[in-house]
Amino acid sequence: MSAPERPPSLDPVAAARWSVHPVGKASPWLHEEVASRMQERLDFIKLQPERWVHWEPWRGGLQAQRALQKRYPKAEVWLTSEQPAEAMTAREVAQARWWQAERWLGPRIALGLPPAGQAQMLWANMLLHTCAQPQQILKIWHNTLAVDGFLMFSCLGPDSLRELREAYARQGWPAPAHEFTDMHDWGDMLVEAGFAEPVMDMERITLTYETPERLLADLRAWGRNLHVQRFAGLRGRRWRAQLDQVLMALARPEEGGRLSLSFEIVYGHALKPQPRAAVSAQTEIGLDQMRQMLRSGSRISDKV
């Protein structure tokens, strides 16, 4: 069964606004933490990319950017963002100081996308759950990668913010966030986009807070409520005081009375395979094309 074209209940207009919203002076710390865990998965991949792409590096994590450059010191890096100014700033942060030799001898850091089919790795951290057209993004990533190149991504899963969703439901309020896509649906979408051997896994992270203010500050830094049926208007101080009381219900005795909020983190990895030539009941393949397929090891698909 095909996966949905966009995350359930996500408002594409709100998602577009969030995609160009200024990130701030630093990358979100939760995104940096997830990126560090995603980097551990690179230990099992033998391919050393000569060119790789960081999709939305500021949101994905500038510390992660520097760590990846250390992991692949000779690789050419491309920074891709919907906000060119932030991509330029990310490049300045990622580069060494002008007086350090690493700035001139280190990897070339470019902006935008490399030529199609030229990147061996594409890195996208904590992004896909905010995309209104994820299948379109996956196809762009597939087109960017070289054959045998690989995709590494992470995003929020459907069990994220479970405590907050339940608290809002008890009040009869609209949901605090849109529904996040299940990792199995991500796997289906990867296959539909042309990727092979998708590997999906997940983990749960529980965060605790001393006050509702600290919890809300983090949530504002990490995203916005993109639910199509979210609150339609502004709310006043009385509602905010009520929200603080609702959030206090997240306190857990086993956590010393701190407010508890859980996140499901989905990790995905997939390869771009050799292209296959689709055949119908009758297919004609030229001699030059047959020679190319034999040299590249391509196979003819039996899909009709």
# chains A, B, ... in the order shown; residues from 1 in each chain; ligands from 1
$ residues_around --residues "region 25-32 of chain A" --least-positions-apart "4" --cutoff "9 Å" --atoms "only C-alpha atoms" --output "list in words"
Ser36, Arg37, Pro57, Trp58, Arg59, Gly60, Gly61, Leu62, Gln63, Ala64, Asn125, Met126, Asp218, Ala221 and Trp222 of chain A
$ select_by_dssp --residues "region 188-226 of chain A" --states "strand (DSSP E or B)" --output "list in words"
Ala196, Glu197, Pro198, Val199, Met200, Asp201, Met202, Glu203, Arg204, Ile205, Thr206, Leu207, Thr208 and Tyr209 of chain A
$ atom_distance --atom1 "CA of Glu197 (chain A)" --atom2 "CA of Leu271 (chain A)"
6.3 Å
$ closest_atom_pairs --of "region 145-186 of chain A" --to "region 252-262 of chain A" --cutoff "12 Å" --atoms "only C-alpha atoms" --output "tab-separated table"
residue	atom	partner	partner_atom	distance
A:Leu156	CA	A:Ser262	CA	10.7
A:Gly157	CA	A:Ser262	CA	10.7
A:Pro158	CA	A:Ser262	CA	10.9
A:Asp159	CA	A:Ser262	CA	7.8
A:Ser160	CA	A:Ser262	CA	5.9
A:Leu161	CA	A:Ser262	CA	5.6
A:Arg162	CA	A:Ser262	CA	6.6
A:Glu163	CA	A:Leu261	CA	6.1
A:Leu164	CA	A:Leu261	CA	7.3
A:Arg165	CA	A:Leu261	CA	10.3
A:Glu166	CA	A:Leu261	CA	11.2
A:Ala167	CA	A:Leu261	CA	11.2
$ select_by_dssp --residues "region 29-213 of chain A" --states "alpha helix (DSSP H)" --output "ChimeraX atom specification"
/A:29-40,57-60,62-71,84-94,101-105,134-144,162-171,183-192,212-213
$ write_last_selection --atoms "C-alpha atoms" --output "tab-separated table (two decimals), in the first residue's frame"
chain	number	residue	atom	x	y	z
A	29	TRP	CA	20.30	21.35	20.94
A	30	LEU	CA	17.95	18.37	20.51
A	31	HIS	CA	18.82	18.30	16.81
A	32	GLU	CA	22.51	18.27	17.70
A	33	GLU	CA	21.92	15.37	20.09
A	34	VAL	CA	20.02	13.38	17.47
A	35	ALA	CA	22.73	14.14	14.91
A	36	SER	CA	25.40	12.76	17.23
A	37	ARG	CA	23.42	9.53	17.57
A	38	MET	CA	22.93	9.34	13.81
A	39	GLN	CA	26.68	9.72	13.32
A	40	GLU	CA	27.21	6.55	15.34
A	57	PRO	CA	22.72	22.47	8.02
A	58	TRP	CA	21.65	25.16	10.47
A	59	ARG	CA	18.56	23.28	11.58
A	60	GLY	CA	20.34	19.95	11.28
A	62	LEU	CA	26.39	23.04	13.03
A	63	GLN	CA	28.26	20.90	15.56
A	64	ALA	CA	27.25	17.89	13.47
A	65	GLN	CA	28.58	19.68	10.39
A	66	ARG	CA	32.02	20.09	11.95
A	67	ALA	CA	32.01	16.49	13.21
A	68	LEU	CA	31.20	15.18	9.73
A	69	GLN	CA	33.97	17.26	8.22
A	70	LYS	CA	36.42	15.64	10.66
A	71	ARG	CA	35.08	12.22	9.74
A	84	PRO	CA	20.63	31.20	1.29
A	85	ALA	CA	21.72	33.64	4.01
A	86	GLU	CA	21.68	30.91	6.65
A	87	ALA	CA	23.57	28.55	4.32
A	88	MET	CA	26.26	31.20	3.88
A	89	THR	CA	26.48	31.73	7.64
A	90	ALA	CA	26.67	27.98	8.17
A	91	ARG	CA	29.58	27.83	5.74
A	92	GLU	CA	31.42	30.54	7.66
A	93	VAL	CA	30.86	28.69	10.93
A	94	ALA	CA	31.94	25.38	9.41
A	101	ALA	CA	45.79	26.28	7.51
A	102	GLU	CA	42.68	24.10	7.64
A	103	ARG	CA	40.67	26.89	6.03
A	104	TRP	CA	42.80	26.69	2.89
A	105	LEU	CA	43.82	23.05	2.97
A	134	PRO	CA	8.19	14.47	1.53
A	135	GLN	CA	8.02	12.20	-1.53
A	136	GLN	CA	9.11	15.11	-3.71
A	137	ILE	CA	12.05	15.78	-1.38
A	138	LEU	CA	13.03	12.11	-1.44
A	139	LYS	CA	13.07	12.15	-5.24
A	140	ILE	CA	15.32	15.22	-5.22
A	141	TRP	CA	17.67	13.46	-2.82
A	142	HIS	CA	17.67	10.36	-5.01
A	143	ASN	CA	18.52	12.47	-8.05
A	144	THR	CA	21.35	14.21	-6.16
A	162	ARG	CA	2.46	11.81	23.53
A	163	GLU	CA	2.00	13.35	26.99
A	164	LEU	CA	1.26	16.78	25.53
A	165	ARG	CA	-1.25	15.38	23.05
A	166	GLU	CA	-3.10	13.59	25.84
A	167	ALA	CA	-3.15	16.72	28.01
A	168	TYR	CA	-4.58	18.80	25.15
A	169	ALA	CA	-7.21	16.13	24.41
A	170	ARG	CA	-8.38	16.15	28.03
A	171	GLN	CA	-9.01	19.88	27.71
A	183	MET	CA	8.91	4.69	10.12
A	184	HIS	CA	7.36	1.90	8.02
A	185	ASP	CA	5.68	4.51	5.82
A	186	TRP	CA	9.04	6.23	5.42
A	187	GLY	CA	10.47	2.93	4.26
A	188	ASP	CA	7.70	2.59	1.67
A	189	MET	CA	8.30	6.13	0.42
A	190	LEU	CA	12.03	5.49	0.08
A	191	VAL	CA	11.32	2.52	-2.18
A	192	GLU	CA	8.79	4.52	-4.20
A	212	PRO	CA	6.46	24.93	31.89
A	213	GLU	CA	8.42	27.96	30.64
$ residues_around --residues "region 7-18 of chain A" --least-positions-apart "3" --cutoff "6 Å" --atoms "only C-alpha atoms" --output "ChimeraX atom specification"
/A:21,132,178-179,181,226-228
$ atom_distance --atom1 "CA of Leu122 (chain A)" --atom2 "CA of Leu79 (chain A)"
10.2 Å
$ atom_distance --atom1 "CA of Trp52 (chain A)" --atom2 "CA of Gln83 (chain A)"
19.1 Å
$ closest_residue --among "A:Leu216, A:Gln133, A:Met121, A:Trp78" --to "Ile109 (chain A)" --atoms "only C-alpha atoms"
A:Trp78
$ residues_around --residues "Thr80 (chain A)" --least-positions-apart "4" --cutoff "6 Å" --atoms "only C-alpha atoms" --output "list in words"
Trp55, Glu56 and Gly112 of chain A
$ write_last_selection --atoms "N, CA and C atoms" --output "PDB file, in the first residue's frame"
ATOM      1  N   TRP A  55      21.757  18.822   4.085  1.00  0.00           N
ATOM      2  CA  TRP A  55      20.486  19.481   3.766  1.00  0.00           C
ATOM      3  C   TRP A  55      20.011  20.250   4.995  1.00  0.00           C
ATOM      4  N   GLU A  56      19.869  21.559   4.887  1.00  0.00           N
ATOM      5  CA  GLU A  56      19.496  22.453   5.979  1.00  0.00           C
ATOM      6  C   GLU A  56      20.457  22.301   7.163  1.00  0.00           C
ATOM      7  N   GLY A 112      24.423  25.292  -2.176  1.00  0.00           N
ATOM      8  CA  GLY A 112      23.487  24.772  -3.173  1.00  0.00           C
ATOM      9  C   GLY A 112      23.585  23.266  -3.308  1.00  0.00           C
TER      10      GLY A 112
END
$ residues_around --residues "region 265-270 of chain A" --least-positions-apart "3" --cutoff "7 Å" --atoms "only C-alpha atoms" --output "short mmCIF file (atom, residue, chain, number, x, y, z; two decimals) with C-alpha atoms, in the first residue's frame"
data_model
loop_
_atom_site.label_atom_id
_atom_site.label_comp_id
_atom_site.auth_asym_id
_atom_site.auth_seq_id
_atom_site.Cartn_x
_atom_site.Cartn_y
_atom_site.Cartn_z
CA PHE A 150 23.60 6.69 0.49
CA LEU A 151 21.04 8.78 2.36
CA MET A 152 21.11 9.36 6.13
CA PHE A 153 18.13 11.07 7.76
CA SER A 154 16.22 11.41 11.01
CA CYS A 155 12.86 12.86 11.99
CA LEU A 156 10.17 12.73 14.66
CA GLY A 157 7.96 9.65 14.82
CA MET A 183 8.91 4.69 10.12
CA PHE A 195 16.02 3.91 -3.12
CA ALA A 196 17.08 0.38 -2.24
CA GLU A 197 17.76 -1.52 0.97
CA PRO A 198 16.11 0.99 3.31
CA VAL A 199 16.99 0.42 6.95
CA MET A 200 14.67 2.06 9.47
CA ASP A 201 14.94 2.09 13.23
CA MET A 202 13.75 4.27 16.09
CA GLU A 203 14.41 5.14 19.69
CA ARG A 204 12.56 7.07 22.39
#
$ closest_residue --among "A:Ala232, A:Leu47, A:Pro114, A:Arg214" --to "Asp244 (chain A)" --atoms "only C-alpha atoms"
A:Arg214
